$ cat work_21.csv   # CSV, C-alpha atoms and all ligand atoms
chain,number,residue,atom,x,y,z
L,1,MET,CA,61.1,50.9,-53.9
L,2,THR,CA,59.5,48.4,-51.6
L,3,ARG,CA,56.3,49.3,-49.8
L,4,THR,CA,55.1,46.8,-47.2
L,5,PRO,CA,51.6,45.7,-48.3
L,6,LEU,CA,48.8,46.7,-46.0
L,7,ILE,CA,45.7,44.5,-45.8
L,8,ALA,CA,42.9,46.2,-43.9
L,9,GLY,CA,39.5,45.0,-43.0
L,10,ASN,CA,36.8,47.7,-42.4
L,11,TRP,CA,34.1,46.0,-40.4
L,12,LYS,CA,31.8,49.1,-40.7
L,13,MET,CA,28.7,48.9,-38.5
L,14,TYR,CA,28.7,45.1,-38.1
L,15,LEU,CA,29.4,42.6,-35.2
L,16,ASN,CA,28.7,42.8,-31.5
L,17,ARG,CA,31.7,42.4,-29.1
L,18,ALA,CA,31.6,38.6,-28.9
L,19,GLU,CA,31.4,38.2,-32.7
L,20,ALA,CA,34.1,40.8,-33.2
L,21,VAL,CA,36.5,39.0,-30.8
L,22,ARG,CA,35.8,35.7,-32.5
L,23,LEU,CA,36.6,37.1,-35.9
L,24,ALA,CA,39.6,39.0,-34.6
L,25,ALA,CA,41.0,35.7,-33.2
L,26,ALA,CA,40.5,34.0,-36.6
L,27,VAL,CA,42.3,36.9,-38.4
L,28,ALA,CA,45.2,36.7,-35.9
L,29,ALA,CA,45.4,32.9,-36.5
L,30,ALA,CA,45.5,33.5,-40.3
L,31,SER,CA,48.2,36.2,-39.9
L,32,ASP,CA,50.4,34.0,-37.7
L,33,GLY,CA,54.0,34.2,-39.0
L,34,VAL,CA,53.1,36.8,-41.6
L,35,THR,CA,55.9,39.3,-41.6
L,36,ASP,CA,56.0,40.6,-45.2
L,37,ARG,CA,52.6,42.4,-45.0
L,38,GLU,CA,50.7,44.3,-42.4
L,39,VAL,CA,47.2,43.2,-41.3
L,40,ILE,CA,44.7,45.7,-39.8
L,41,ILE,CA,41.1,45.3,-38.7
L,42,ALA,CA,38.8,48.2,-38.0
L,43,PRO,CA,35.9,47.2,-35.7
L,44,ALA,CA,33.1,49.5,-34.5
L,45,PHE,CA,33.9,51.7,-31.6
L,46,THR,CA,32.1,49.5,-29.1
L,47,ALA,CA,34.3,46.5,-30.0
L,48,LEU,CA,37.6,48.3,-30.3
L,49,ALA,CA,39.0,47.7,-26.8
L,50,ALA,CA,37.9,44.0,-26.8
L,51,VAL,CA,39.4,43.4,-30.2
L,52,ALA,CA,42.6,45.2,-29.3
L,53,GLU,CA,42.9,42.9,-26.3
L,54,ALA,CA,42.1,39.8,-28.4
L,55,VAL,CA,44.9,40.6,-30.9
L,56,ARG,CA,47.5,41.9,-28.5
L,57,GLY,CA,50.9,40.2,-29.2
L,58,THR,CA,49.8,39.0,-32.6
L,59,ALA,CA,50.7,40.4,-36.0
L,60,VAL,CA,47.3,42.1,-36.3
L,61,LYS,CA,46.8,45.8,-35.5
L,62,VAL,CA,43.6,47.7,-34.8
L,63,ALA,CA,42.2,50.7,-36.5
L,64,ALA,CA,39.2,52.9,-35.6
L,65,GLN,CA,36.7,53.9,-38.3
L,66,ASN,CA,36.8,57.6,-37.5
L,67,VAL,CA,38.2,60.1,-35.0
L,68,ALA,CA,37.2,63.5,-33.5
L,69,TRP,CA,39.4,66.5,-34.1
L,70,GLU,CA,39.5,67.6,-30.4
L,71,LYS,CA,41.0,65.6,-27.6
L,72,GLU,CA,37.9,66.1,-25.4
L,73,GLY,CA,34.9,68.4,-25.2
L,74,ALA,CA,31.3,68.9,-25.9
L,75,PHE,CA,31.1,66.8,-29.0
L,76,THR,CA,28.2,64.4,-28.5
L,77,GLY,CA,28.6,61.2,-30.5
L,78,GLU,CA,32.3,61.7,-31.3
L,79,VAL,CA,35.3,59.7,-30.1
L,80,SER,CA,38.5,61.5,-29.4
L,81,PRO,CA,42.0,60.4,-30.5
L,82,LEU,CA,43.0,59.9,-26.9
L,83,MET,CA,40.1,57.6,-26.3
L,84,LEU,CA,41.0,55.6,-29.4
L,85,LEU,CA,44.6,55.2,-28.2
L,86,ASP,CA,43.3,54.2,-24.8
L,87,ALA,CA,41.2,51.5,-26.4
L,88,GLY,CA,44.2,50.1,-28.2
L,89,ALA,CA,43.8,51.6,-31.7
L,90,GLU,CA,47.0,52.4,-33.6
L,91,MET,CA,45.4,53.6,-36.9
L,92,VAL,CA,42.2,55.3,-38.0
L,93,ILE,CA,40.2,55.4,-41.2
L,94,ILE,CA,39.4,59.0,-42.2
L,95,GLY,CA,37.1,60.3,-44.9
L,96,HIS,CA,35.5,57.0,-45.8
L,97,SER,CA,32.9,57.5,-48.6
L,98,GLU,CA,30.1,56.5,-46.2
L,99,ARG,CA,31.2,59.4,-43.9
L,100,ARG,CA,31.3,61.8,-46.9
L,101,HIS,CA,28.2,60.7,-48.7
L,102,VAL,CA,25.9,59.3,-46.1
L,103,LEU,CA,26.9,61.3,-43.1
L,104,GLY,CA,27.8,64.5,-44.9
L,105,GLU,CA,31.4,65.0,-43.9
L,106,ASP,CA,33.3,67.5,-46.0
L,107,ASN,CA,36.9,67.9,-46.9
L,108,ALA,CA,37.4,70.6,-44.2
L,109,MET,CA,36.1,68.3,-41.5
L,110,ILE,CA,38.1,65.4,-42.8
L,111,SER,CA,41.3,67.4,-42.8
L,112,ARG,CA,40.8,68.4,-39.2
L,113,ARG,CA,40.3,64.8,-38.2
L,114,LEU,CA,43.4,63.8,-40.1
L,115,ARG,CA,45.6,66.4,-38.4
L,116,ALA,CA,44.2,65.5,-35.0
L,117,ALA,CA,45.1,61.8,-35.6
L,118,LEU,CA,48.6,62.7,-36.6
L,119,GLN,CA,49.0,65.1,-33.7
L,120,HIS,CA,48.2,62.3,-31.3
L,121,GLY,CA,50.1,59.5,-33.0
L,122,LEU,CA,47.3,57.6,-34.7
L,123,LEU,CA,48.2,56.6,-38.2
L,124,PRO,CA,45.5,57.8,-40.6
L,125,ILE,CA,44.2,56.1,-43.7
L,126,LEU,CA,42.8,58.9,-45.8
L,127,CYS,CA,40.0,57.7,-48.2
L,128,VAL,CA,39.4,59.3,-51.5
L,129,GLY,CA,37.2,58.4,-54.5
L,130,GLU,CA,34.7,59.5,-57.0
L,131,THR,CA,31.0,58.7,-57.4
L,132,LEU,CA,29.6,57.1,-60.5
L,133,ALA,CA,28.3,60.4,-61.7
L,134,GLU,CA,31.7,62.0,-61.3
L,135,ARG,CA,33.4,59.2,-63.1
L,136,GLU,CA,30.9,59.4,-66.0
L,137,ALA,CA,31.4,63.2,-66.1
L,138,GLY,CA,35.1,62.6,-66.6
L,139,SER,CA,36.0,64.3,-63.3
L,140,THR,CA,37.6,61.3,-61.4
L,141,PHE,CA,41.1,62.9,-61.4
L,142,SER,CA,39.9,66.4,-60.4
L,143,VAL,CA,37.7,65.0,-57.6
L,144,VAL,CA,40.5,62.8,-56.2
L,145,GLU,CA,43.0,65.6,-56.5
L,146,GLU,CA,40.7,68.0,-54.6
L,147,GLN,CA,40.1,65.5,-51.8
L,148,LEU,CA,43.9,65.0,-51.5
L,149,ALA,CA,44.6,68.7,-51.6
L,150,GLN,CA,42.1,69.6,-49.0
L,151,GLY,CA,42.5,66.4,-46.9
L,152,LEU,CA,46.2,66.9,-46.6
L,153,VAL,CA,46.2,70.7,-45.8
L,154,ASP,CA,49.0,71.5,-43.4
L,155,VAL,CA,50.3,67.9,-43.4
L,156,THR,CA,54.1,68.1,-43.4
L,157,ALA,CA,56.4,65.9,-45.4
L,158,ALA,CA,57.6,64.3,-42.2
L,159,GLN,CA,54.0,63.5,-41.2
L,160,MET,CA,53.2,62.0,-44.6
L,161,ASP,CA,55.4,59.0,-43.7
L,162,SER,CA,52.6,58.1,-41.3
L,163,VAL,CA,49.7,58.5,-43.7
L,164,ALA,CA,48.3,55.9,-46.1
L,165,ILE,CA,45.8,56.8,-48.8
L,166,ALA,CA,42.9,54.5,-49.8
L,167,TYR,CA,41.4,54.9,-53.2
L,168,GLU,CA,37.8,53.8,-53.0
L,169,PRO,CA,35.6,54.5,-56.0
L,170,VAL,CA,32.2,55.0,-54.5
L,171,TRP,CA,30.5,53.1,-57.3
L,172,ALA,CA,32.6,50.0,-56.4
L,173,ILE,CA,31.8,49.9,-52.6
L,174,GLY,CA,29.4,47.2,-51.6
L,175,THR,CA,28.1,46.8,-55.1
L,176,GLY,CA,30.1,43.8,-56.2
L,177,LYS,CA,31.5,46.0,-59.0
L,178,THR,CA,35.3,46.2,-58.7
L,179,ALA,CA,37.3,48.8,-60.6
L,180,SER,CA,39.2,46.9,-63.2
L,181,ASN,CA,42.9,46.5,-62.5
L,182,GLU,CA,43.7,49.2,-65.1
L,183,GLN,CA,41.1,51.6,-63.7
L,184,ALA,CA,42.5,51.2,-60.2
L,185,GLN,CA,46.1,51.3,-61.3
L,186,ASP,CA,45.4,54.5,-63.3
L,187,VAL,CA,44.0,56.4,-60.3
L,188,HIS,CA,46.7,55.0,-58.0
L,189,ALA,CA,49.4,56.2,-60.3
L,190,PHE,CA,47.6,59.6,-60.5
L,191,ILE,CA,47.5,59.8,-56.7
L,192,ARG,CA,51.2,59.1,-56.5
L,193,ALA,CA,51.9,61.8,-59.1
L,194,VAL,CA,49.8,64.3,-57.1
L,195,LEU,CA,51.7,63.4,-54.0
L,196,SER,CA,55.0,64.0,-55.8
L,197,ARG,CA,53.8,67.4,-56.8
L,198,PHE,CA,52.5,68.3,-53.3
L,199,TYR,CA,55.7,66.9,-51.6
L,200,GLU,CA,58.5,65.2,-53.6
L,201,LYS,CA,59.0,62.1,-55.6
L,202,THR,CA,60.9,60.0,-53.1
L,203,LEU,CA,58.3,60.7,-50.5
L,204,ALA,CA,55.4,59.8,-52.9
L,205,GLU,CA,57.3,56.6,-53.7
L,206,ARG,CA,57.1,55.6,-50.0
L,207,VAL,CA,53.4,56.3,-49.4
L,208,ARG,CA,51.1,53.3,-49.4
L,209,ILE,CA,48.0,53.6,-51.6
L,210,LEU,CA,45.3,51.0,-50.9
L,211,TYR,CA,42.5,50.0,-53.2
L,212,GLY,CA,39.0,49.5,-51.7
L,213,GLY,CA,35.7,48.5,-53.4
L,214,SER,CA,34.5,44.9,-53.6
L,215,VAL,CA,37.9,43.4,-53.0
L,216,LYS,CA,37.4,39.6,-52.8
L,217,PRO,CA,39.6,36.5,-52.8
L,218,GLU,CA,38.9,36.2,-56.5
L,219,ASN,CA,40.3,39.6,-57.5
L,220,VAL,CA,42.9,40.4,-54.8
L,221,ASP,CA,45.9,38.8,-56.6
L,222,SER,CA,45.5,40.7,-59.8
L,223,LEU,CA,44.8,44.0,-58.0
L,224,MET,CA,47.9,43.5,-55.8
L,225,ALA,CA,50.0,42.8,-58.9
L,226,GLN,CA,49.5,46.4,-60.1
L,227,PRO,CA,52.6,48.5,-59.5
L,228,ASP,CA,50.9,51.3,-57.6
L,229,ILE,CA,48.5,49.2,-55.5
L,230,ASP,CA,50.1,48.7,-52.1
L,231,GLY,CA,47.3,47.1,-50.2
L,232,VAL,CA,43.6,46.8,-49.9
L,233,LEU,CA,40.8,48.1,-47.8
L,234,VAL,CA,38.2,45.4,-47.6
L,235,GLY,CA,34.6,45.8,-46.4
L,236,GLY,CA,32.2,42.9,-46.9
L,237,ALA,CA,34.8,40.1,-47.5
L,238,SER,CA,36.6,41.1,-44.3
L,239,LEU,CA,33.6,39.9,-42.2
L,240,ASN,CA,34.2,36.4,-43.5
L,241,ALA,CA,37.2,34.8,-41.8
L,242,LYS,CA,38.0,32.4,-44.6
L,243,ALA,CA,37.7,35.1,-47.3
L,244,PHE,CA,39.8,37.6,-45.4
L,245,ALA,CA,42.5,34.9,-44.7
L,246,ARG,CA,42.8,34.3,-48.4
L,247,ILE,CA,43.0,38.1,-49.0
L,248,ILE,CA,45.8,38.4,-46.4
L,249,HIS,CA,47.6,35.6,-48.3
L,250,PHE,CA,47.3,37.2,-51.7
L,251,GLN,CA,49.9,36.0,-54.1
L,301,LIG,P1,33.3,46.5,-49.9
L,301,LIG,O1,34.5,45.7,-49.9
L,301,LIG,O2,32.2,45.8,-49.1
L,301,LIG,O3,32.9,46.9,-51.3
L,301,LIG,O4,33.6,47.8,-49.0
L,301,LIG,C1,34.7,48.6,-49.4
L,301,LIG,C2,34.9,49.6,-48.3
L,301,LIG,O5,34.2,50.5,-48.2
L,301,LIG,C3,36.1,49.4,-47.4
L,301,LIG,O6,36.3,50.6,-46.7

$ encode --input "work_21.csv" --output "structure tokens" --more "lines below"
Ligand code: 13P
Amino acid sequence: MTRTPLIAGNWKMYLNRAEAVRLAAAVAAASDGVTDREVIIAPAFTALAAVAEAVRGTAVKVAAQNVAWEKEGAFTGEVSPLMLLDAGAEMVIIGHSERRHVLGEDNAMISRRLRAALQHGLLPILCVGETLAEREAGSTFSVVEEQLAQGLVDVTAAQMDSVAIAYEPVWAIGTGKTASNEQAQDVHAFIRAVLSRFYEKTLAERVRILYGGSVKPENVDSLMAQPDIDGVLVGGASLNAKAFARIIHFQ
């Protein structure tokens, strides 16, 4: 089974438009001629349209960092799937741990966002992952399974082909602490097993599962060598053109 590796940069709440366009151009240059892996960058909403314009016609695609569940309406502070498409986004990160743990989004809200993305043709990256307390309590698998079960409510097998999962252990995000290759592989294999239970094995074999949490040029090669790690979702290191270029060209 070959799954095209997906290398995604989550720029979080960094970079003004000029900075974002400059970095996007550097990422596009680093991705020139790259055909055996997909490269995605997720700028803040304010830079989305400018970045999409900057990478148009290159190998780089653009993702948003969240999406509303309605196409329009009285939802102050939210951005609709149609607006994201209009700005040039093709994908969207949903359920990032910062949305869950800092902004208080729950599984029900995340599942609505995911279904809205699918309905409007935005490809979702659904993030799951346990906190340090949950890992230490031995509940990593149950937490991740619950996030998958609730996040994927009413998602059909046909729609699953458009969904990627990102495993991001909360304790590894922005901490410099990466999950070991074995810890990451274990949870990725578990996620695939859960997906084969929810759907079927051949479908689960096609779904891309990304790892996120302090991915750096120094650890990307060994993470990507794990059989169930199909890509990476990179925060801090994606803001540095040279570091992200090295991650794109993982070996
Ligand atoms: P860091 O790579 O900065 O740990 O962030 C990971 C992340 O949250 C990507 O979505």

$ residues_around --input "work_21.csv" --residues "segment 5-13 of chain L" --least-positions-apart "6" --cutoff "9 Å" --atoms "only C-alpha atoms" --output "ChimeraX atom specification"
/L:20,36-44,63-65,93,208-210,224,229-239,244,247-248

$ atom_distance --input "work_21.csv" --atom1 "atom CA of Val62 of chain L" --atom2 "atom CA of Thr46 of chain L"
13.0 Å

$ atom_distance --input "work_21.csv" --atom1 "atom CA of Ser31 of chain L" --atom2 "atom CA of Arg206 of chain L"
23.6 Å

$ atom_distance --input "work_21.csv" --atom1 "atom CA of His120 of chain L" --atom2 "atom CA of Phe75 of chain L"
17.8 Å

$ closest_residue --input "work_21.csv" --among "L:Thr178, L:Asn66, L:Asn240, L:Ser162" --to "ligand LIG 301 (chain L)" --atoms "all atoms listed in the file"
L:Thr178

$ closest_residue --input "work_21.csv" --among "L:Arg246, L:Arg113, L:His96, L:Arg135" --to "ligand LIG 301 (chain L)" --atoms "only C-alpha atoms and all ligand atoms"
L:His96

$ residues_around --input "work_21.csv" --residues "Leu203 of chain L" --least-positions-apart "4" --cutoff "12 Å" --atoms "only C-alpha atoms" --output "tab-separated table (two decimals) with C-alpha atoms, in the frame of the given file"
chain	number	residue	atom	x	y	z
L	1	MET	CA	61.10	50.90	-53.90
L	3	ARG	CA	56.30	49.30	-49.80
L	156	THR	CA	54.10	68.10	-43.40
L	157	ALA	CA	56.40	65.90	-45.40
L	158	ALA	CA	57.60	64.30	-42.20
L	159	GLN	CA	54.00	63.50	-41.20
L	160	MET	CA	53.20	62.00	-44.60
L	161	ASP	CA	55.40	59.00	-43.70
L	162	SER	CA	52.60	58.10	-41.30
L	163	VAL	CA	49.70	58.50	-43.70
L	164	ALA	CA	48.30	55.90	-46.10
L	192	ARG	CA	51.20	59.10	-56.50
L	193	ALA	CA	51.90	61.80	-59.10
L	194	VAL	CA	49.80	64.30	-57.10
L	195	LEU	CA	51.70	63.40	-54.00
L	196	SER	CA	55.00	64.00	-55.80
L	197	ARG	CA	53.80	67.40	-56.80
L	198	PHE	CA	52.50	68.30	-53.30
L	199	TYR	CA	55.70	66.90	-51.60
L	207	VAL	CA	53.40	56.30	-49.40
L	208	ARG	CA	51.10	53.30	-49.40

$ closest_residue --input "work_21.csv" --among "L:Ala49, L:Val34, L:Val153, L:Ile165" --to "Ala87 of chain L" --atoms "only C-alpha atoms"
L:Ala49

$ closest_residue --input "work_21.csv" --among "L:Ser80, L:Ser97, L:Gln251, L:Asn181" --to "ligand LIG 301 (chain L)" --atoms "all atoms listed in the file"
L:Ser97
